[in-house]
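S.K.: What follows is start20.tsv, made up of TSV, all heavy atoms:
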```tsv
chain	number	residue	atom	x	y	z
A	1	MET	N	102.10	132.57	92.53
A	1	MET	CA	101.07	131.88	91.84
A	1	MET	C	100.00	132.89	91.47
A	1	MET	O	99.70	133.79	92.24
A	1	MET	CB	100.50	130.80	92.74
A	1	MET	CG	99.37	130.08	92.08
A	1	MET	SD	98.47	128.99	93.18
A	1	MET	CE	97.71	130.16	94.25
A	2	SER	N	99.41	132.72	90.30
A	2	SER	CA	98.31	133.57	89.85
A	2	SER	C	97.12	132.69	89.47
A	2	SER	O	97.31	131.65	88.85
A	2	SER	CB	98.71	134.38	88.63
A	2	SER	OG	99.77	135.24	88.91
A	3	VAL	N	95.94	133.13	89.85
A	3	VAL	CA	94.71	132.42	89.49
A	3	VAL	C	93.98	133.30	88.48
A	3	VAL	O	93.85	134.50	88.67
A	3	VAL	CB	93.84	132.16	90.74
A	3	VAL	CG1	92.55	131.47	90.36
A	3	VAL	CG2	94.60	131.34	91.75
A	4	GLY	N	93.50	132.71	87.41
A	4	GLY	CA	92.84	133.44	86.33
A	4	GLY	C	91.50	134.04	86.74
A	4	GLY	O	90.97	133.77	87.82
A	5	PRO	N	90.92	134.83	85.84
A	5	PRO	CA	89.70	135.58	86.15
A	5	PRO	C	88.45	134.71	86.33
A	5	PRO	O	87.48	135.16	86.93
A	5	PRO	CB	89.54	136.52	84.97
A	5	PRO	CG	90.27	135.86	83.86
A	5	PRO	CD	91.41	135.13	84.50
A	6	ARG	N	88.48	133.49	85.85
A	6	ARG	CA	87.30	132.63	85.97
A	6	ARG	C	87.59	131.35	86.73
A	6	ARG	O	86.83	130.39	86.67
A	6	ARG	CB	86.77	132.30	84.57
A	6	ARG	CG	86.33	133.56	83.83
A	6	ARG	CD	85.87	133.28	82.44
A	6	ARG	NE	84.70	132.41	82.49
A	6	ARG	CZ	84.21	131.80	81.43
A	6	ARG	NH1	84.76	131.95	80.25
A	6	ARG	NH2	83.15	131.02	81.54
A	7	ALA	N	88.68	131.34	87.48
A	7	ALA	CA	89.11	130.12	88.17
A	7	ALA	C	89.13	130.32	89.68
A	7	ALA	O	89.35	131.41	90.18
A	7	ALA	CB	90.50	129.71	87.71
A	8	THR	N	88.89	129.22	90.39
A	8	THR	CA	89.04	129.17	91.84
A	8	THR	C	89.89	127.93	92.12
A	8	THR	O	89.63	126.86	91.59
A	8	THR	CB	87.69	129.04	92.55
A	8	THR	OG1	86.89	130.17	92.21
A	8	THR	CG2	87.85	128.97	94.06
A	9	LEU	N	90.92	128.09	92.94
A	9	LEU	CA	91.82	126.99	93.26
A	9	LEU	C	91.75	126.71	94.75
A	9	LEU	O	91.85	127.61	95.57
A	9	LEU	CB	93.25	127.36	92.87
A	9	LEU	CG	94.33	126.33	93.19
A	9	LEU	CD1	94.12	125.05	92.39
A	9	LEU	CD2	95.70	126.92	92.93
A	10	GLU	N	91.57	125.43	95.09
A	10	GLU	CA	91.61	124.99	96.49
A	10	GLU	C	92.73	123.97	96.60
A	10	GLU	O	92.80	123.04	95.80
A	10	GLU	CB	90.29	124.36	96.90
A	10	GLU	CG	89.15	125.35	96.94
A	10	GLU	CD	87.84	124.69	97.29
A	10	GLU	OE1	87.27	124.03	96.40
A	10	GLU	OE2	87.40	124.82	98.44
A	11	VAL	N	93.60	124.15	97.57
A	11	VAL	CA	94.69	123.20	97.80
A	11	VAL	C	94.50	122.57	99.17
A	11	VAL	O	94.07	123.22	100.12
A	11	VAL	CB	96.08	123.87	97.66
A	11	VAL	CG1	96.31	124.33	96.25
A	11	VAL	CG2	96.25	125.01	98.62
A	12	TYR	N	94.81	121.28	99.25
A	12	TYR	CA	94.60	120.50	100.46
A	12	TYR	C	95.90	119.87	100.92
A	12	TYR	O	96.69	119.40	100.10
A	12	TYR	CB	93.58	119.38	100.20
A	12	TYR	CG	92.23	119.88	99.76
A	12	TYR	CD1	91.96	120.09	98.41
A	12	TYR	CD2	91.24	120.16	100.68
A	12	TYR	CE1	90.72	120.55	98.00
A	12	TYR	CE2	89.99	120.62	100.28
A	12	TYR	CZ	89.74	120.81	98.94
A	12	TYR	OH	88.52	121.27	98.53
A	13	GLU	N	96.07	119.82	102.21
A	13	GLU	CA	97.26	119.22	102.79
A	13	GLU	C	97.24	117.69	102.63
A	13	GLU	O	98.29	117.07	102.49
A	13	GLU	CB	97.36	119.59	104.27
A	13	GLU	CG	98.60	119.08	104.95
A	13	GLU	CD	98.66	119.49	106.40
A	13	GLU	OE1	97.73	120.12	106.92
A	13	GLU	OE2	99.68	119.17	107.03
A	14	HIS	N	96.07	117.08	102.61
A	14	HIS	CA	95.95	115.62	102.54
A	14	HIS	C	95.22	115.18	101.28
A	14	HIS	O	94.40	115.93	100.73
A	14	HIS	CB	95.23	115.07	103.77
A	14	HIS	CG	95.99	115.32	105.03
A	14	HIS	ND1	97.13	114.66	105.36
A	14	HIS	CD2	95.77	116.20	106.04
A	14	HIS	CE1	97.60	115.10	106.52
A	14	HIS	NE2	96.78	116.04	106.95
A	15	ALA	N	95.49	113.98	100.84
A	15	ALA	CA	94.95	113.47	99.58
A	15	ALA	C	93.44	113.29	99.60
A	15	ALA	O	92.81	113.29	98.55
A	15	ALA	CB	95.62	112.13	99.23
A	16	VAL	N	92.83	113.17	100.75
A	16	VAL	CA	91.39	112.92	100.82
A	16	VAL	C	90.59	114.22	101.01
A	16	VAL	O	89.46	114.19	101.47
A	16	VAL	CB	91.04	111.89	101.91
A	16	VAL	CG1	91.54	110.52	101.53
A	16	VAL	CG2	91.58	112.31	103.25
A	17	CYS	N	91.19	115.34	100.66
A	17	CYS	CA	90.51	116.65	100.71
A	17	CYS	C	89.95	116.97	102.09
A	17	CYS	O	88.79	117.38	102.23
A	17	CYS	CB	89.41	116.74	99.65
A	17	CYS	SG	90.00	116.55	97.98
A	18	LYS	N	90.75	116.77	103.11
A	18	LYS	CA	90.31	117.10	104.46
A	18	LYS	C	91.40	117.86	105.18
A	18	LYS	O	92.49	118.05	104.65
A	18	LYS	CB	89.92	115.85	105.24
A	18	LYS	CG	91.07	114.92	105.53
A	18	LYS	CD	90.63	113.76	106.39
A	18	LYS	CE	91.86	112.98	106.84
A	18	LYS	NZ	91.54	111.95	107.78
A	19	ASP	N	91.13	118.23	106.41
A	19	ASP	CA	92.04	118.97	107.26
A	19	ASP	C	92.37	120.33	106.65
A	19	ASP	O	91.49	121.01	106.19
A	19	ASP	CB	93.31	118.16	107.58
A	19	ASP	CG	93.00	116.92	108.39
A	19	ASP	OD1	92.03	116.95	109.16
A	19	ASP	OD2	93.71	115.92	108.24
A	20	ARG	N	93.61	120.71	106.60
A	20	ARG	CA	94.00	122.06	106.17
A	20	ARG	C	93.74	122.27	104.68
A	20	ARG	O	94.15	121.50	103.84
A	20	ARG	CB	95.48	122.28	106.45
A	20	ARG	CG	95.92	123.66	106.06
A	20	ARG	CD	97.08	124.11	106.90
A	20	ARG	NE	97.64	125.35	106.41
A	20	ARG	CZ	97.13	126.54	106.66
A	20	ARG	NH1	96.06	126.65	107.40
A	20	ARG	NH2	97.69	127.62	106.18
A	21	THR	N	93.03	123.35	104.39
A	21	THR	CA	92.77	123.75	103.01
A	21	THR	C	92.93	125.26	102.87
A	21	THR	O	92.69	125.99	103.82
A	21	THR	CB	91.35	123.32	102.56
A	21	THR	OG1	91.16	123.70	101.20
A	21	THR	CG2	90.29	123.96	103.41
A	22	VAL	N	93.39	125.69	101.72
A	22	VAL	CA	93.53	127.11	101.42
A	22	VAL	C	92.85	127.35	100.09
A	22	VAL	O	93.03	126.58	99.14
A	22	VAL	CB	95.02	127.53	101.36
A	22	VAL	CG1	95.14	129.01	101.01
A	22	VAL	CG2	95.71	127.25	102.69
A	23	ARG	N	92.07	128.41	100.01
A	23	ARG	CA	91.31	128.73	98.81
A	23	ARG	C	91.84	130.03	98.19
A	23	ARG	O	92.08	131.00	98.89
A	23	ARG	CB	89.84	128.89	99.18
A	23	ARG	CG	88.93	129.17	98.03
A	23	ARG	CD	87.49	129.30	98.55
A	23	ARG	NE	86.62	129.72	97.51
A	23	ARG	CZ	85.72	128.95	96.90
A	23	ARG	NH1	85.60	127.69	97.29
A	23	ARG	NH2	84.95	129.40	95.95
A	24	PHE	N	92.00	130.01	96.88
A	24	PHE	CA	92.44	131.17	96.12
A	24	PHE	C	91.31	131.57	95.17
A	24	PHE	O	90.89	130.79	94.33
A	24	PHE	CB	93.71	130.85	95.34
A	24	PHE	CG	94.86	130.45	96.24
A	24	PHE	CD1	95.10	129.12	96.53
A	24	PHE	CD2	95.66	131.41	96.82
A	24	PHE	CE1	96.14	128.74	97.36
A	24	PHE	CE2	96.71	131.05	97.66
A	24	PHE	CZ	96.95	129.72	97.93
A	25	GLU	N	90.85	132.77	95.33
A	25	GLU	CA	89.72	133.28	94.55
A	25	GLU	C	90.16	133.73	93.15
A	25	GLU	O	91.34	133.92	92.91
A	25	GLU	CB	89.08	134.47	95.29
A	25	GLU	CG	88.53	134.11	96.67
A	25	GLU	CD	87.39	133.11	96.63
A	25	GLU	OE1	86.62	133.10	95.65
A	25	GLU	OE2	87.28	132.32	97.58
A	26	PRO	N	89.19	133.93	92.23
A	26	PRO	CA	89.52	134.40	90.89
A	26	PRO	C	90.31	135.71	90.93
A	26	PRO	O	90.12	136.54	91.81
A	26	PRO	CB	88.15	134.64	90.25
A	26	PRO	CG	87.24	133.69	90.96
A	26	PRO	CD	87.75	133.67	92.37
A	27	ASP	N	91.21	135.86	89.97
A	27	ASP	CA	92.06	137.04	89.81
A	27	ASP	C	92.96	137.31	91.02
A	27	ASP	O	93.31	138.45	91.28
A	27	ASP	CB	91.23	138.29	89.52
A	27	ASP	CG	90.91	138.42	88.04
A	27	ASP	OD1	91.67	137.87	87.22
A	27	ASP	OD2	89.90	139.04	87.72
A	28	SER	N	93.32	136.28	91.76
A	28	SER	CA	94.20	136.50	92.91
A	28	SER	C	95.64	136.15	92.55
A	28	SER	O	95.91	135.39	91.64
A	28	SER	CB	93.72	135.69	94.12
A	28	SER	OG	93.77	134.31	93.84
A	29	ARG	N	96.56	136.75	93.30
A	29	ARG	CA	97.99	136.48	93.16
A	29	ARG	C	98.55	136.23	94.55
A	29	ARG	O	98.17	136.90	95.50
A	29	ARG	CB	98.72	137.67	92.55
A	29	ARG	CG	98.37	137.94	91.13
A	29	ARG	CD	99.19	139.12	90.59
A	29	ARG	NE	98.88	139.35	89.21
A	29	ARG	CZ	99.57	138.84	88.19
A	29	ARG	NH1	100.63	138.11	88.43
A	29	ARG	NH2	99.22	139.09	86.95
A	30	GLU	N	99.43	135.27	94.63
A	30	GLU	CA	100.04	134.94	95.91
A	30	GLU	C	101.53	134.73	95.72
A	30	GLU	O	101.94	133.83	94.99
A	30	GLU	CB	99.40	133.68	96.50
A	30	GLU	CG	99.92	133.27	97.83
A	30	GLU	CD	99.71	134.33	98.89
A	30	GLU	OE1	98.59	134.83	99.03
A	30	GLU	OE2	100.70	134.66	99.58
A	31	GLY	N	102.33	135.58	96.33
A	31	GLY	CA	103.78	135.48	96.21
A	31	GLY	C	104.41	134.61	97.27
A	31	GLY	O	105.45	134.02	97.06
A	32	GLY	N	103.78	134.49	98.44
A	32	GLY	CA	104.31	133.70	99.55
A	32	GLY	C	103.51	132.44	99.77
A	32	GLY	O	102.94	132.24	100.84
A	33	LEU	N	103.44	131.59	98.77
A	33	LEU	CA	102.59	130.41	98.82
A	33	LEU	C	102.94	129.48	99.98
A	33	LEU	O	102.07	129.05	100.72
A	33	LEU	CB	102.66	129.66	97.50
A	33	LEU	CG	101.69	128.51	97.30
A	33	LEU	CD1	100.26	128.98	97.45
A	33	LEU	CD2	101.90	127.86	95.95
A	34	VAL	N	104.20	129.19	100.19
A	34	VAL	CA	104.60	128.28	101.27
A	34	VAL	C	104.20	128.85	102.62
A	34	VAL	O	103.69	128.14	103.48
A	34	VAL	CB	106.12	127.99	101.21
A	34	VAL	CG1	106.57	127.20	102.43
A	34	VAL	CG2	106.45	127.22	99.94
A	35	ARG	N	104.38	130.15	102.82
A	35	ARG	CA	104.01	130.78	104.08
A	35	ARG	C	102.50	130.72	104.29
A	35	ARG	O	102.03	130.44	105.39
A	35	ARG	CB	104.48	132.23	104.08
A	35	ARG	CG	104.19	132.96	105.39
A	35	ARG	CD	104.68	134.40	105.36
A	35	ARG	NE	104.04	135.14	104.28
A	35	ARG	CZ	104.67	135.76	103.29
A	35	ARG	NH1	105.98	135.73	103.22
A	35	ARG	NH2	104.01	136.39	102.37
A	36	LYS	N	101.72	130.95	103.26
A	36	LYS	CA	100.26	130.93	103.39
A	36	LYS	C	99.75	129.52	103.68
A	36	LYS	O	98.81	129.33	104.44
A	36	LYS	CB	99.61	131.48	102.13
A	36	LYS	CG	98.11	131.59	102.25
A	36	LYS	CD	97.51	132.46	101.19
A	36	LYS	CE	96.03	132.62	101.45
A	36	LYS	NZ	95.44	133.66	100.63
A	37	LEU	N	100.35	128.52	103.05
A	37	LEU	CA	99.91	127.14	103.25
A	37	LEU	C	100.31	126.59	104.61
A	37	LEU	O	99.62	125.75	105.16
A	37	LEU	CB	100.50	126.24	102.16
A	37	LEU	CG	99.99	126.47	100.76
A	37	LEU	CD1	100.79	125.62	99.79
A	37	LEU	CD2	98.53	126.17	100.66
A	38	GLY	N	101.44	127.02	105.14
A	38	GLY	CA	101.94	126.43	106.37
A	38	GLY	C	102.40	125.01	106.09
A	38	GLY	O	102.50	124.59	104.94
A	39	SER	N	102.67	124.24	107.10
A	39	SER	CA	103.07	122.83	106.97
A	39	SER	C	104.18	122.63	105.96
A	39	SER	O	104.21	121.62	105.26
A	39	SER	CB	101.87	121.96	106.58
A	39	SER	OG	100.84	122.08	107.52
A	40	GLY	N	105.06	123.59	105.80
A	40	GLY	CA	106.15	123.45	104.85
A	40	GLY	C	105.71	123.56	103.40
A	40	GLY	O	106.45	123.23	102.50
A	41	GLY	N	104.49	123.98	103.16
A	41	GLY	CA	103.99	124.13	101.79
A	41	GLY	C	103.56	122.82	101.16
A	41	GLY	O	103.38	122.74	99.96
A	42	ARG	N	103.35	121.82	101.95
A	42	ARG	CA	102.98	120.50	101.43
A	42	ARG	C	101.57	120.52	100.86
A	42	ARG	O	100.62	120.94	101.52
A	42	ARG	CB	103.08	119.47	102.55
A	42	ARG	CG	102.75	118.08	102.10
A	42	ARG	CD	102.74	117.14	103.29
A	42	ARG	NE	102.25	115.86	102.88
A	42	ARG	CZ	102.94	114.75	102.93
A	42	ARG	NH1	104.17	114.77	103.40
A	42	ARG	NH2	102.43	113.61	102.53
A	43	ILE	N	101.41	120.04	99.64
A	43	ILE	CA	100.11	119.92	98.98
A	43	ILE	C	99.99	118.50	98.45
A	43	ILE	O	100.86	118.04	97.71
A	43	ILE	CB	99.97	120.90	97.80
A	43	ILE	CG1	100.05	122.33	98.27
A	43	ILE	CG2	98.65	120.66	97.04
A	43	ILE	CD1	100.12	123.34	97.14
A	44	GLU	N	98.93	117.79	98.80
A	44	GLU	CA	98.70	116.46	98.25
A	44	GLU	C	97.59	116.46	97.22
A	44	GLU	O	97.56	115.62	96.33
A	44	GLU	CB	98.39	115.46	99.35
A	44	GLU	CG	99.60	115.09	100.17
A	44	GLU	CD	99.38	113.86	101.01
A	44	GLU	OE1	98.39	113.13	100.81
A	44	GLU	OE2	100.22	113.64	101.89
A	45	THR	N	96.65	117.41	97.34
A	45	THR	CA	95.52	117.44	96.42
A	45	THR	C	95.19	118.88	96.11
A	45	THR	O	95.30	119.75	96.95
A	45	THR	CB	94.27	116.78	97.07
A	45	THR	OG1	94.62	115.48	97.51
A	45	THR	CG2	93.12	116.69	96.10
A	46	LEU	N	94.77	119.12	94.87
A	46	LEU	CA	94.25	120.44	94.54
A	46	LEU	C	93.00	120.29	93.70
A	46	LEU	O	92.80	119.28	93.02
A	46	LEU	CB	95.29	121.33	93.85
A	46	LEU	CG	95.90	120.90	92.53
A	46	LEU	CD1	95.06	121.36	91.36
A	46	LEU	CD2	97.28	121.50	92.43
A	47	LYS	N	92.15	121.31	93.77
A	47	LYS	CA	90.89	121.31	93.04
A	47	LYS	C	90.79	122.65	92.32
A	47	LYS	O	90.83	123.71	92.94
A	47	LYS	CB	89.72	121.15	94.01
A	47	LYS	CG	88.37	121.15	93.36
A	47	LYS	CD	87.30	120.98	94.42
A	47	LYS	CE	85.91	121.07	93.84
A	47	LYS	NZ	84.89	120.95	94.89
A	48	LEU	N	90.67	122.59	91.01
A	48	LEU	CA	90.56	123.79	90.19
A	48	LEU	C	89.16	123.82	89.58
A	48	LEU	O	88.74	122.89	88.91
A	48	LEU	CB	91.61	123.77	89.08
A	48	LEU	CG	91.60	124.94	88.11
A	48	LEU	CD1	91.91	126.24	88.84
A	48	LEU	CD2	92.59	124.70	86.99
A	49	SER	N	88.44	124.91	89.83
A	49	SER	CA	87.09	125.09	89.30
A	49	SER	C	87.10	126.29	88.37
A	49	SER	O	87.66	127.34	88.71
A	49	SER	CB	86.09	125.35	90.42
A	49	SER	OG	86.12	124.30	91.35
A	50	CYS	N	86.51	126.15	87.21
A	50	CYS	CA	86.43	127.25	86.25
A	50	CYS	C	84.95	127.47	85.89
A	50	CYS	O	84.20	126.53	85.71
A	50	CYS	CB	87.19	126.94	84.99
A	50	CYS	SG	88.95	126.68	85.27
A	51	SER	N	84.58	128.75	85.80
A	51	SER	CA	83.19	129.03	85.43
A	51	SER	C	83.13	129.94	84.24
A	51	SER	O	84.05	130.55	83.83
A	51	SER	CB	82.46	129.66	86.60
A	51	SER	OG	83.13	130.81	87.05
```
Could you rewrite the structure in this file as structure tokens?

M.R.:
Amino acid sequence: MSVGPRATLEVYEHAVCKDRTVRFEPDSREGGLVRKLGSGGRIETLKLSCS
């Protein structure tokens, strides 16, 4: 996964944006997304912010 130069991505394990969350900063790349997320890579909600 790649995040653009003006974006921040937050992914949440649960739909109500609580418990486990992982944040990806602008211009970041992540090749092992499932490993970084844990919990089998389960994502119920994500939040993308652009500035």

S.K.: So which residues touch Thr45 in chain A within 6 Å, counting all atoms listed in the file, skipping near sequence neighbours fewer than 6 positions away, as an mmCIF file with all heavy atoms, in the frame of the given file?

M.R.:
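Final output, saved to around.cif:
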```
data_model
loop_
_atom_site.group_PDB
_atom_site.id
_atom_site.type_symbol
_atom_site.label_atom_id
_atom_site.label_comp_id
_atom_site.auth_asym_id
_atom_site.auth_seq_id
_atom_site.Cartn_x
_atom_site.Cartn_y
_atom_site.Cartn_z
ATOM 1 N N GLU A 10 91.570 125.430 95.090
ATOM 2 C CA GLU A 10 91.610 124.990 96.490
ATOM 3 C C GLU A 10 92.730 123.970 96.600
ATOM 4 O O GLU A 10 92.800 123.040 95.800
ATOM 5 C CB GLU A 10 90.290 124.360 96.900
ATOM 6 C CG GLU A 10 89.150 125.350 96.940
ATOM 7 C CD GLU A 10 87.840 124.690 97.290
ATOM 8 O OE1 GLU A 10 87.270 124.030 96.400
ATOM 9 O OE2 GLU A 10 87.400 124.820 98.440
ATOM 10 N N VAL A 11 93.600 124.150 97.570
ATOM 11 C CA VAL A 11 94.690 123.200 97.800
ATOM 12 C C VAL A 11 94.500 122.570 99.170
ATOM 13 O O VAL A 11 94.070 123.220 100.120
ATOM 14 C CB VAL A 11 96.080 123.870 97.660
ATOM 15 C CG1 VAL A 11 96.310 124.330 96.250
ATOM 16 C CG2 VAL A 11 96.250 125.010 98.620
ATOM 17 N N TYR A 12 94.810 121.280 99.250
ATOM 18 C CA TYR A 12 94.600 120.500 100.460
ATOM 19 C C TYR A 12 95.900 119.870 100.920
ATOM 20 O O TYR A 12 96.690 119.400 100.100
ATOM 21 C CB TYR A 12 93.580 119.380 100.200
ATOM 22 C CG TYR A 12 92.230 119.880 99.760
ATOM 23 C CD1 TYR A 12 91.960 120.090 98.410
ATOM 24 C CD2 TYR A 12 91.240 120.160 100.680
ATOM 25 C CE1 TYR A 12 90.720 120.550 98.000
ATOM 26 C CE2 TYR A 12 89.990 120.620 100.280
ATOM 27 C CZ TYR A 12 89.740 120.810 98.940
ATOM 28 O OH TYR A 12 88.520 121.270 98.530
ATOM 29 N N GLU A 13 96.070 119.820 102.210
ATOM 30 C CA GLU A 13 97.260 119.220 102.790
ATOM 31 C C GLU A 13 97.240 117.690 102.630
ATOM 32 O O GLU A 13 98.290 117.070 102.490
ATOM 33 C CB GLU A 13 97.360 119.590 104.270
ATOM 34 C CG GLU A 13 98.600 119.080 104.950
ATOM 35 C CD GLU A 13 98.660 119.490 106.400
ATOM 36 O OE1 GLU A 13 97.730 120.120 106.920
ATOM 37 O OE2 GLU A 13 99.680 119.170 107.030
ATOM 38 N N HIS A 14 96.070 117.080 102.610
ATOM 39 C CA HIS A 14 95.950 115.620 102.540
ATOM 40 C C HIS A 14 95.220 115.180 101.280
ATOM 41 O O HIS A 14 94.400 115.930 100.730
ATOM 42 C CB HIS A 14 95.230 115.070 103.770
ATOM 43 C CG HIS A 14 95.990 115.320 105.030
ATOM 44 N ND1 HIS A 14 97.130 114.660 105.360
ATOM 45 C CD2 HIS A 14 95.770 116.200 106.040
ATOM 46 C CE1 HIS A 14 97.600 115.100 106.520
ATOM 47 N NE2 HIS A 14 96.780 116.040 106.950
ATOM 48 N N ALA A 15 95.490 113.980 100.840
ATOM 49 C CA ALA A 15 94.950 113.470 99.580
ATOM 50 C C ALA A 15 93.440 113.290 99.600
ATOM 51 O O ALA A 15 92.810 113.290 98.550
ATOM 52 C CB ALA A 15 95.620 112.130 99.230
ATOM 53 N N VAL A 16 92.830 113.170 100.750
ATOM 54 C CA VAL A 16 91.390 112.920 100.820
ATOM 55 C C VAL A 16 90.590 114.220 101.010
ATOM 56 O O VAL A 16 89.460 114.190 101.470
ATOM 57 C CB VAL A 16 91.040 111.890 101.910
ATOM 58 C CG1 VAL A 16 91.540 110.520 101.530
ATOM 59 C CG2 VAL A 16 91.580 112.310 103.250
ATOM 60 N N CYS A 17 91.190 115.340 100.660
ATOM 61 C CA CYS A 17 90.510 116.650 100.710
ATOM 62 C C CYS A 17 89.950 116.970 102.090
ATOM 63 O O CYS A 17 88.790 117.380 102.230
ATOM 64 C CB CYS A 17 89.410 116.740 99.650
ATOM 65 S SG CYS A 17 90.000 116.550 97.980
#
```

S.K.: Give me, as an MDAnalysis selection string, all polymer residues having an atom no more than 6 Å from range 27-33 of chain A, counting all heavy atoms and skipping those fewer than 4 positions away in the same chain.

M.R.: chainID A and resid 1:7 11 37:38 41 43

S.K.: So what do you get for CA of Val22 in chain A versus CA of Ser51 in chain A, distance-wise?

M.R.: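 CA of Ser51 in chain A lies at a distance of 19.1 Å from CA of Val22 in chain A.
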
S.K.: How many Å lie between CB of Glu25 in chain A and CG of Arg42 in chain A, rounded to one decimal?

M.R.: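 Interatomic distance here is 22.4 Å.
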
S.K.: Please report, as a list in words, each residue of chain A to which DSSP assigns helix (DSSP H, G or I) when run on this structure's backbone.

M.R.: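 Helix (DSSP H, G or I) assignments inside chain A correspond to Leu33, Val34, Arg35, Lys36, Leu37, Ser39, Gly40 and Gly41 of chain A.
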
S.K.: Could you write out, as a ChimeraX atom specification, all the residues of chain A that DSSP marks as strand (DSSP E)?

M.R.: /A:7-12,21-24,45-50

S.K.: Provide an axis-aligned box for all listed atoms of range 11-16 of chain A, padding each side by 8 Å; report its centre and its edge lengths in Å to one decimal, as lines of an AutoDock Vina configuration file.

M.R.:
```
center_x = 94.1
center_y = 117.8
center_z = 101.6
size_x = 27.2
size_y = 30.5
size_z = 26.8
```

S.K.: So how many Å separate CA of Arg20 in chain A and CA of Val34 in chain A, to one decimal?

M.R.: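 Separating CA of Arg20 in chain A from CA of Val34 in chain A is a distance of 13.2 Å.
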